[in-house]
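**Q** Sharing a structure with you now.
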Amino acid sequence: MDGRIEHGFRARFRALAVIAGRADPDEPSSRIVREARERARLAGEPVARALADAWAREVETAKDAWAAGAGGWSVPPPWARFDAAHPPRFLCDPSLGGLARWLRAAGYEALVAPEVPGHRLPDEALRRGLVLLTTEAEALDRRIAADGSLVVAWVPSALTMAEQLHMVALDLGLGLREPRCMACGGTLVPRPKDEVRPRIPPRTALWKDEYFVCAACDRLFWRGTHWERIERTLRRAVAA
Ligand SMILES: [Zn+2]
């Protein structure tokens, strides 16, 4: 398990070093992974967490360098490719269905790929202009990822959902947007209470007046305790 995680992070560090124009992109990746492994051993914590922390520091440093116009970037980094008017849309590999739901709650379109051989996903994402999220580190090794035409983020399956979301938010500079339907990604449209009253559980109708319906799948939503719990997790993971 640790071997796969280290390989994935090494590929991540290397990919960042390559687009940042580092002459020896393997040097930082090997060093950072070695240091994180040592730190995890001393602290008795999972290697994945130590590597995720190291990644967060590396990205912050890279963001500062990009903002300052420093370095010899070969292509714009992932966080500089999108803005509020042009948010990223995601293609998640089949093992990341949970993360896709949370991305939708954060306001982003996230498709989950059907169960097809993983090597076809990079081409599919590139063709449709989607950011690929995958647990397969091999996707980072592909040419279209290396030359910057495909934006791909490897997501470690060993992290919790909130940690995965935090990592993707960090990579792409995501902020919270208007929530979408967690089930299908459709937009949520406010509807008058009287119009949807037959579908509201009687006890909810007593204390809630605001309701939303998914424009795509017609599911009914309201800001109940479940929604509030989701929003708290999102604020910690995305806006942190
Ligand atoms: Zn829906």
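Following the order of the structure tokens, first chain is A, next is B, and so on, with residues numbered from 1 inside each chain and ligands from 1 in the order they appear.
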Which residues of chain A have any atom within 7 Å of an atom in ligand 1 when counting only C-alpha atoms and all ligand atoms, and what is the closest pair of atoms for each, with the distance in Å to one decimal? Order the rows by chain and rising number and write it as a Markdown table.
**A**
| residue | atom | partner | partner_atom_place_in_ligand_line | distance |
| --- | --- | --- | --- | --- |
| A:Cys181 | CA | ligand 1 | 1 (Zn) | 4.6 |
| A:Met182 | CA | ligand 1 | 1 (Zn) | 6.7 |
| A:Ala183 | CA | ligand 1 | 1 (Zn) | 5.2 |
| A:Cys184 | CA | ligand 1 | 1 (Zn) | 4.2 |
| A:Gly185 | CA | ligand 1 | 1 (Zn) | 5.7 |
| A:Gly186 | CA | ligand 1 | 1 (Zn) | 4.7 |
| A:Cys214 | CA | ligand 1 | 1 (Zn) | 4.7 |
| A:Ala215 | CA | ligand 1 | 1 (Zn) | 6.7 |
| A:Ala216 | CA | ligand 1 | 1 (Zn) | 5.1 |
| A:Cys217 | CA | ligand 1 | 1 (Zn) | 4.0 |
| A:Asp218 | CA | ligand 1 | 1 (Zn) | 6.1 |
| A:Arg219 | CA | ligand 1 | 1 (Zn) | 5.7 |
**Q** Within 10 Å of region 100-108 of chain A, counting only C-alpha atoms, which residues qualify if same-chain residues fewer than 4 places away don't, as a ChimeraX atom specification?
**A** /A:87-96,112,133,161-162,164-165,168-169,174-188,227,230-231,233-235,237-238
**Q** Using only C-alpha atoms, pick whichever of A:Lys63, A:Ala11, A:Arg4, A:Ala68 has the shortest atom-to-atom distance to Arg142 (chain A).
**A**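 Among the listed residues, A:Ala11 lies closest to Arg142 (chain A).
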**Q** Smallest atom-to-atom distance to Arg191 (chain A): which of A:Ala80, A:Tyr211, A:Gly21, A:Glu45, using only C-alpha atoms?
**A**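 Comparing A:Ala80, A:Tyr211, A:Gly21, A:Glu45 against Arg191 (chain A), the winner is A:Tyr211.
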**Q** Taking the DSSP assignment computed from this structure's backbone, write out as a ChimeraX atom specification all residues of region 33-143 of chain A that belong to helix (DSSP H, G or I).
**A** /A:33-43,47-67,78-80,94-105,118-128,138-141,143
**Q** If we count only C-alpha atoms, what is near Asp64 (chain A) at a cut-off of 12 Å, once residues fewer than 4 positions away on the same chain are taken out, given as a ChimeraX atom specification?
**A** /A:20,57-60,68-71,77,79-80
**Q** Can you tell me how far CA of Thr225 (chain A) sits from CA of Thr204 (chain A), in Å to one decimal?
**A**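 Spanning CA of Thr225 (chain A) to CA of Thr204 (chain A) is a straight-line distance of 10.7 Å.
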**Q** Name the closest residue to Leu150 (chain A) among the candidates A:Gly98, A:Gly173, A:Ala15, A:Glu115; distances are taken between atoms, counting only C-alpha atoms.
**A**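 Counting only C-alpha atoms, the residue closest to Leu150 (chain A) is A:Ala15.
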